[in-house]
Every structure is written in C-alpha cells, then in structure tokens.
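A short worksheet on the structure shown next.
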Amino acid sequence: MWHREDVVSSVNGRTARSTGVRFEDPALEASVMAHLASVEDRLRESVESADPFVTEAAKHLMDAGGKRFRPMLVAVCAHFGDPHAPELVDASTVLELTHVATLYHDDVMDEALVRRGTPSANARWGNSLAILVGDFLFSRAAELAAGLGPDAVRIQAQTFAQLVHGQIAETVGPRDADPVEHHLKVLDGKTASLMATCGTFGGMFSGASPATTAALTTYCETLGLAFQLSDDLLDISSDSTDSGKTPGTDLREGVPTLPVLYALASDDSDPAAVRLRQILADGPVTDDALHAEALELLRDSVALKRARETVRGYAEQARAQLQGLPRNAARDALESLCDVIADRIA
C-alpha cells in the first residue's frame with residue numbers, strides 16, 4: 001500500500017502515479033512516463049478475454065486506478081542498463097498483473113467492501129468470482145513471463161511462492177514465533193518480495209551487470225519493507241485520511257502493526273504504558289472511547305518512537321545498498337524514496 005507524495009503525470013489520457021519518487025532529471029522522468037504509458041497499453045491488452053464478462057471483471061481494478069509503483073520502479077532501475085530494452089514493458093506488466101491479482105484475493109480474505117474508492121470485486125460479484133478473476137490475472141502474468149524466457153518464469157514462480165507464504169503466515173499467525181519477527185516475515189513475503197523482483201527485472205532485462213542487478217534487488221526488497229512498515233505508523237500518527245484510510249483503522253480491526261506489537265512487548269512500568277497494554281491486550285479496539293484513548297496513548301508512546309527508528313533504519317539500509325552503483329539520475333531518484341519514508345513518518 002503506497003499512499004503519499006504522489007508524482008502525477010498524464011499517461012494515455014489517465015493518471016499514472018509514481019509514489020514519492022522525485023524526478024530531478026526531466027529526461028529520466030520522460031523516459032519513465034513513456035514506459036508507464038506502454039505498460040498501461042499492455043495491461044489493457046492482457047485483461048482482454050473472449051468472454052466480455054471476464055474482461056469486465058478483470059478490468060475492474062485496473063480501471064479503478066492505481067499508482068503503477070512497481071512498473072515505475074522497474075523503469076527507474078532499468079536506467080542502470082538500457083532503459084529502452086523491449087522486454088522491460090512485458091516485465092513490468094507481469095509484476096503489475098501479479099500485484100493486482102493479489103488485491104482481488106486480499107479483498108476476499110479481508111472481506112473488504114471497497115478498493116481504490118470503488119466497490120471491491122467480491123462486494124460486486126461475490127467471493128468465488130473475485131478469486132477466479134485473481135487466478136485469471138495470475139495466468140496472464142505467467143503467460144507474459146513465458147515470453148520473457150525460462151529465467152523470468154522461474155523468478156516469477158519463486159516470487160509467487162513468497163507472496164503465498166507471506167499470506168499463509170499472516171493467516172495462521174505467529175504461533176510460537178516472536179510477534180515482531182513474524183510481522184516482518186509477513187511483510188517481507190506479501191510486499192517486499194514482489195518489490196525485490198522489480199529490481200531484478202529492471203536490472204536483468206536492461207542488461208545491467210549481475211552485481212548491479214543484485215544491488216537493485218536488495219534495495220527494492222528493503223525499500224518495500226520500509227514503506228509497508230511506514231503504513232503501520234501512518235495508521236496511528238496521521239491526523240487525516242491522507243494515508244488512504246481513517247486513522248486507527250488497523251487498531252479498530254485488530255490488525256497487528258509494529259507500534260502495537262512493540263507496545264504489547266514492552267515491560268515499561270509507566271502508568272500510560274501499562275494502560276495501553278491493558279487496552280491492546282483484548283484485541284480489536286471497537287469501543288469508540290477506548291479507541292480514542294488508545295490512539296492518544298500510542299501517539300505519545302515509546303513504542304511509536306521505537307517503530308519510527310525501525311522504519312528509518314530500513315530506509316537507511318536501502319540507501320546504503322545503492323552506494324556501489326554509479327551516481328546518476330536514476331540513483332538519485334531511488335535515494336529520494338528513502339527520504340520520502342522519513343518524511344511520511346515524521
């Protein structure tokens with residue numbers, strides 16, 4: 001989930017958003033936006049079916065928008081090689097189709113009614129159809145990957161396995177594992193794994209060196225984890241709906257977030273910390289008065305400060321993973337995303 005500081009450009013008559021990246025170089029921005037326009041065309045081709053109903057359902061979330069963050073990341077990473085290599089458009093489309101497919105499945109599991117400001121597919125057509133449409137998009141992604149060669153198929157399959165493992169881990173819960181470590185494992189599987197493949201595909205299909213591709217892969221994975229963890233903080237610290245949902249939604253629904261997990265693990269004897277643990281220990285905080293109290297306590301807590309430090313640590317780790325790469329406009333753009341993380345959790 002990527003919410004803030006969108007760079008907005010016109011792509012094929014619609015809005016394409018590259019979350020947070022700061023394009024200081026007009027040539028780089030123009031190249032990335034041209035790539036996104038081509039990906040948008042390819043996405044529309046990919047969701048077409050001989051059955052008009054399948055096409056309508058598959059286009060449902062595509063037409064609802066989306067920031068196309070993953071194709072943007074592929075495009076920027078490709079500037080460490082040949083950014084015009086023809087395989088890059090299909091590589092980006094594979095990743096965006098995979099991402100959108102997971103949204104159909106996530107909404108079923110979360111019983112979500114709305115996605116991107118429009119009724120979710122499961123709310124409109126039911127759970128079974130939403131699952132099948134997600135499967136259809138996964139199959140389209142696999143078909144495109146096959147055209148990119150056996151390495152792409154293998155990497156895509158491994159990424160898909162990581163996505164599924166992340167979802168399974170979230171579903172079954174931490175069991176005997178440390179809750180914080182479990183939470184990081186879930187986010188690494190559900191979000192960071194697909195982000196990592198953006199770096200892999202961007203480097204690989206642009207012809208960047210293996211060392212550069214490996215650096216881009218680790219950077220993208222760490223960045224994905226940092227961004228997703230920053231959403232944990234925004235749910236608590238945001239004073240508006242700019243984060244994409246009402247502040248405290250995760251708290252109300254009992255969704256574990258890093259500040260909550262830190263608060264529950266604390267042995268702080270301060271009365272405010274003790275009171276916060278008492279409220280959080282019962283799970284979802286649905287009572288309005290308790291919810292408001294818990295939010296206030298969390299915003300002033302050591303747990304939130306510790307969570308901020310953790311997120312900043314991952315952001316700086318991502319920045320460090322770029323240090324061996326050539327200093328160019330693409331590296332500056334990638335580093336700007338590390339700055340955005342610090343800005344959005346300030």
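Each chain in the structure tokens gets a letter, A, B and so on, in the order shown; residues start at 1 in every chain, and ligands are counted from 1 in the order they appear.
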Rows by chain and residue number, region 157-208 of chain A within 9 Å of region 58-76 of chain A, shortest pair, only C-alpha atoms, as CSV:
residue,atom,partner,partner_atom,distance
A:Leu194,CA,A:Arg70,CA,8.3
A:Met195,CA,A:Arg70,CA,6.8
A:Thr197,CA,A:Val74,CA,8.7
A:Cys198,CA,A:Val74,CA,5.0
A:Gly199,CA,A:Val74,CA,6.1
A:Thr200,CA,A:Val74,CA,8.3
A:Phe201,CA,A:Val74,CA,6.6
A:Gly202,CA,A:Val74,CA,4.4
A:Gly203,CA,A:Val74,CA,7.9
(message) Using only C-alpha atoms, which protein or nucleic acid residues come within 10 Å of Asp287 (chain A)? Drop anything in the same chain fewer than 5 positions from it, and give the result as number ranges by chain.
(response) A: 252, 292-293
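Counting only C-alpha atoms and comparing A:Arg175, A:His84, A:Arg312, A:Arg344, the residue that lies closest to Ser38 (chain A) is A:His84.
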(request) Tell me which of A:Val164, A:Ala157, A:Ala57, A:Ala192 sits closest to Phe136 (chain A), counting only C-alpha atoms. (result) A:Ala57
(request) For CA of Gln156 (chain A) and CA of Thr55 (chain A), quote the distance in Å rounded to one decimal. (result)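 The value is 23.4 Å.
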(request) Name the closest residue to Asp267 (chain A) among the candidates A:Val302, A:Asn127, A:Asp41, A:Gly134; distances are taken between atoms, counting only C-alpha atoms. (result)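 Nearest to Asp267 (chain A): A:Val302.
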(request) Tell me which of A:Thr222, A:Val285, A:Ala196, A:Ala208 sits closest to Gln158 (chain A), counting only C-alpha atoms. (result)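 Smallest distance to Gln158 (chain A) is found for A:Ala196.
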(message) What's the separation between CA of Ala315 (chain A) and CA of Leu223 (chain A), in Å to one decimal place?
(response) 6.3 Å
(message) So that I can see what lies close to region 318-327 of chain A, please list as a PyMOL selection string the residues with an atom at most 7 Å from it, counting only C-alpha atoms and leaving out residues fewer than 5 positions away in the same chain.
(response) chain A and resi 212+215+218-219+222-223+335+338
Write a file of the just-selected residues containing N, CA and C atoms, as a CSV table (one decimal), in the first residue's frame.
chain,number,residue,atom,x,y,z
A,212,THR,N,25.1,-5.2,-10.3
A,212,THR,CA,24.2,-4.1,-10.2
A,212,THR,C,22.8,-4.6,-10.0
A,215,ALA,N,22.3,-5.6,-6.4
A,215,ALA,CA,22.2,-4.4,-5.6
A,215,ALA,C,20.8,-3.8,-5.7
A,218,THR,N,18.2,-6.1,-3.8
A,218,THR,CA,18.2,-6.0,-2.3
A,218,THR,C,17.7,-4.6,-1.9
A,219,TYR,N,18.0,-3.6,-2.7
A,219,TYR,CA,17.5,-2.2,-2.4
A,219,TYR,C,15.9,-2.3,-2.4
A,222,THR,N,14.3,-4.1,0.5
A,222,THR,CA,14.4,-3.4,1.8
A,222,THR,C,13.5,-2.2,1.7
A,223,LEU,N,13.4,-1.5,0.6
A,223,LEU,CA,12.5,-0.3,0.4
A,223,LEU,C,11.1,-0.8,0.6
A,335,GLU,N,17.2,7.1,-4.3
A,335,GLU,CA,17.5,7.6,-3.0
A,335,GLU,C,16.4,8.5,-2.5
A,338,CYS,N,13.9,6.9,-0.2
A,338,CYS,CA,14.4,6.7,1.2
A,338,CYS,C,14.0,8.0,2.0
So that I can see what lies close to His165 (chain A), please list as a PDB file with C-alpha atoms, in the first residue's frame the residues with an atom at most 12 Å from it, counting only C-alpha atoms and leaving out residues fewer than 2 positions away in the same chain.
ATOM      1  CA  GLN A 158       9.583 -18.016  -6.828  1.00  0.00           C
ATOM      2  CA  THR A 159       8.079 -14.588  -6.194  1.00  0.00           C
ATOM      3  CA  PHE A 160       4.567 -16.009  -6.309  1.00  0.00           C
ATOM      4  CA  ALA A 161       5.585 -18.672  -3.782  1.00  0.00           C
ATOM      5  CA  GLN A 162       6.906 -15.953  -1.452  1.00  0.00           C
ATOM      6  CA  LEU A 163       3.667 -13.990  -1.783  1.00  0.00           C
ATOM      7  CA  GLN A 167      -0.242 -14.624   3.173  1.00  0.00           C
ATOM      8  CA  ILE A 168      -0.241 -18.025   4.878  1.00  0.00           C
ATOM      9  CA  ALA A 169       1.991 -16.689   7.650  1.00  0.00           C
ATOM     10  CA  GLU A 170      -0.391 -13.785   8.214  1.00  0.00           C
ATOM     11  CA  THR A 171      -3.404 -16.096   8.229  1.00  0.00           C
ATOM     12  CA  VAL A 172      -2.060 -18.636  10.727  1.00  0.00           C
ATOM     13  CA  GLY A 173      -0.473 -16.026  12.994  1.00  0.00           C
ATOM     14  CA  HIS A 182       6.556 -12.778  12.482  1.00  0.00           C
ATOM     15  CA  LYS A 185       8.240 -12.061   7.863  1.00  0.00           C
ATOM     16  CA  VAL A 186       4.667 -11.452   6.701  1.00  0.00           C
ATOM     17  CA  LEU A 187       5.513  -8.071   5.179  1.00  0.00           C
ATOM     18  CA  ASP A 188       8.646  -9.451   3.560  1.00  0.00           C
ATOM     19  CA  GLY A 189       6.556 -12.112   1.849  1.00  0.00           C
ATOM     20  CA  LYS A 190       3.447 -10.121   0.985  1.00  0.00           C
ATOM     21  CA  THR A 191       5.065  -6.860  -0.118  1.00  0.00           C
ATOM     22  CA  SER A 193       9.231  -9.989  -2.312  1.00  0.00           C
TER      23      SER A 193
END
(request) With a distance cut-off of 12 Å and only C-alpha atoms, select the neighbouring residues of Val133 (chain A), excluding the residue or stretch itself and same-chain residues fewer than 3 positions from it, and output the selection as a PyMOL selection string. (result) chain A and resi 47-49+53-61+97-98+100-105+108+121-122+125-130+136-140
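CA of Gly81 (chain A) is found 12.1 Å from CA of Ala211 (chain A).
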(message) So that I can see what lies close to Ser336 (chain A), please list as a PyMOL selection string the residues with an atom at most 10 Å from it, counting only C-alpha atoms and leaving out residues fewer than 4 positions away in the same chain.
(response) chain A and resi 20-24+319+330-332+340-341
Include all heavy atoms and write out the residues we just selected as an mmCIF file, in the first residue's frame.
data_model
loop_
_atom_site.group_PDB
_atom_site.id
_atom_site.type_symbol
_atom_site.label_atom_id
_atom_site.label_comp_id
_atom_site.auth_asym_id
_atom_site.auth_seq_id
_atom_site.Cartn_x
_atom_site.Cartn_y
_atom_site.Cartn_z
ATOM 1 N N GLY A 20 6.010 9.004 -4.513
ATOM 2 C CA GLY A 20 7.126 9.525 -3.770
ATOM 3 C C GLY A 20 8.384 9.829 -4.537
ATOM 4 O O GLY A 20 9.193 10.605 -4.057
ATOM 5 N N VAL A 21 8.614 9.231 -5.692
ATOM 6 C CA VAL A 21 9.890 9.431 -6.357
ATOM 7 C C VAL A 21 10.000 10.879 -6.834
ATOM 8 O O VAL A 21 9.038 11.469 -7.306
ATOM 9 C CB VAL A 21 10.086 8.453 -7.541
ATOM 10 C CG1 VAL A 21 9.154 8.764 -8.687
ATOM 11 C CG2 VAL A 21 11.523 8.428 -8.001
ATOM 12 N N ARG A 22 11.172 11.457 -6.668
ATOM 13 C CA ARG A 22 11.407 12.836 -7.067
ATOM 14 C C ARG A 22 12.307 12.843 -8.299
ATOM 15 O O ARG A 22 13.496 12.548 -8.214
ATOM 16 C CB ARG A 22 12.043 13.611 -5.909
ATOM 17 C CG ARG A 22 11.115 13.717 -4.710
ATOM 18 C CD ARG A 22 11.853 14.158 -3.465
ATOM 19 N NE ARG A 22 10.968 14.096 -2.293
ATOM 20 C CZ ARG A 22 11.385 14.095 -1.047
ATOM 21 N NH1 ARG A 22 12.677 14.159 -0.787
ATOM 22 N NH2 ARG A 22 10.532 14.037 -0.048
ATOM 23 N N PHE A 23 11.730 13.176 -9.420
ATOM 24 C CA PHE A 23 12.482 13.206 -10.665
ATOM 25 C C PHE A 23 13.114 14.587 -10.828
ATOM 26 O O PHE A 23 12.460 15.538 -11.221
ATOM 27 C CB PHE A 23 11.574 12.907 -11.855
ATOM 28 C CG PHE A 23 11.062 11.500 -11.901
ATOM 29 C CD1 PHE A 23 9.729 11.218 -11.656
ATOM 30 C CD2 PHE A 23 11.914 10.450 -12.193
ATOM 31 C CE1 PHE A 23 9.257 9.917 -11.706
ATOM 32 C CE2 PHE A 23 11.445 9.150 -12.249
ATOM 33 C CZ PHE A 23 10.117 8.884 -11.996
ATOM 34 N N GLU A 24 14.400 14.680 -10.520
ATOM 35 C CA GLU A 24 15.119 15.930 -10.720
ATOM 36 C C GLU A 24 15.570 16.074 -12.170
ATOM 37 O O GLU A 24 15.840 17.177 -12.643
ATOM 38 C CB GLU A 24 16.336 15.989 -9.786
ATOM 39 C CG GLU A 24 15.994 15.886 -8.301
ATOM 40 C CD GLU A 24 15.206 17.073 -7.803
ATOM 41 O OE1 GLU A 24 15.209 18.122 -8.478
ATOM 42 O OE2 GLU A 24 14.583 16.945 -6.726
ATOM 43 N N ARG A 319 19.144 2.795 1.362
ATOM 44 C CA ARG A 319 20.033 3.790 0.754
ATOM 45 C C ARG A 319 21.466 3.242 0.654
ATOM 46 O O ARG A 319 22.134 3.425 -0.368
ATOM 47 C CB ARG A 319 20.020 5.063 1.587
ATOM 48 C CG ARG A 319 20.720 6.243 0.895
ATOM 49 C CD ARG A 319 20.991 7.372 1.886
ATOM 50 N NE ARG A 319 19.790 7.796 2.569
ATOM 51 C CZ ARG A 319 18.913 8.671 2.086
ATOM 52 N NH1 ARG A 319 19.121 9.222 0.912
ATOM 53 N NH2 ARG A 319 17.843 9.010 2.804
ATOM 54 N N ALA A 330 19.098 8.120 -12.019
ATOM 55 C CA ALA A 330 18.285 7.004 -11.529
ATOM 56 C C ALA A 330 18.603 6.711 -10.067
ATOM 57 O O ALA A 330 17.695 6.486 -9.257
ATOM 58 C CB ALA A 330 18.527 5.759 -12.385
ATOM 59 N N ARG A 331 19.872 6.731 -9.729
ATOM 60 C CA ARG A 331 20.234 6.506 -8.323
ATOM 61 C C ARG A 331 19.687 7.627 -7.437
ATOM 62 O O ARG A 331 19.181 7.363 -6.340
ATOM 63 C CB ARG A 331 21.749 6.403 -8.179
ATOM 64 C CG ARG A 331 22.183 6.242 -6.725
ATOM 65 C CD ARG A 331 23.659 5.959 -6.602
ATOM 66 N NE ARG A 331 24.156 6.380 -5.300
ATOM 67 C CZ ARG A 331 25.418 6.276 -4.892
ATOM 68 N NH1 ARG A 331 26.322 5.757 -5.707
ATOM 69 N NH2 ARG A 331 25.787 6.686 -3.705
ATOM 70 N N ASP A 332 19.756 8.868 -7.912
ATOM 71 C CA ASP A 332 19.187 9.977 -7.143
ATOM 72 C C ASP A 332 17.694 9.770 -6.912
ATOM 73 O O ASP A 332 17.178 10.036 -5.823
ATOM 74 C CB ASP A 332 19.416 11.299 -7.877
ATOM 75 C CG ASP A 332 20.874 11.716 -7.886
ATOM 76 O OD1 ASP A 332 21.654 11.175 -7.073
ATOM 77 O OD2 ASP A 332 21.225 12.585 -8.712
ATOM 78 N N VAL A 340 11.539 10.041 1.288
ATOM 79 C CA VAL A 340 10.084 10.084 1.409
ATOM 80 C C VAL A 340 9.630 9.292 2.625
ATOM 81 O O VAL A 340 8.702 9.708 3.352
ATOM 82 C CB VAL A 340 9.423 9.547 0.121
ATOM 83 C CG1 VAL A 340 7.921 9.295 0.350
ATOM 84 C CG2 VAL A 340 9.610 10.525 -1.011
ATOM 85 N N ILE A 341 10.270 8.162 2.886
ATOM 86 C CA ILE A 341 9.895 7.356 4.040
ATOM 87 C C ILE A 341 10.089 8.147 5.316
ATOM 88 O O ILE A 341 9.206 8.156 6.205
ATOM 89 C CB ILE A 341 10.722 6.054 4.077
ATOM 90 C CG1 ILE A 341 10.341 5.159 2.911
ATOM 91 C CG2 ILE A 341 10.527 5.322 5.406
ATOM 92 C CD1 ILE A 341 11.249 3.970 2.725
#
(request) Can you list, as a ChimeraX atom specification, all residues belonging to region 244-302 of chain A that DSSP tags as helix (DSSP H, G or I)? (result) /A:249-253,258-265,271-280,288-299,302
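Secondary structure by DSSP on the backbone puts the following residues of region 67-309 of chain A in strand (DSSP E or B): Val114, Arg115, Thr118 and Pro119 of chain A.
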(request) Tell me which of A:Pro284, A:Glu143, A:Val39, A:Lys305 sits closest to Leu88 (chain A), counting only C-alpha atoms. (result) A:Val39
(request) Would you mind listing what lies within 8 Å of Ile345 (chain A) as a list in words, with only C-alpha atoms counted and same-chain residues fewer than 4 positions away left out? (result)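 Once the nearby chain positions are removed, what remains is Ser230, Leu233, Leu234, Ser237, Arg308 and Ile341 of chain A.
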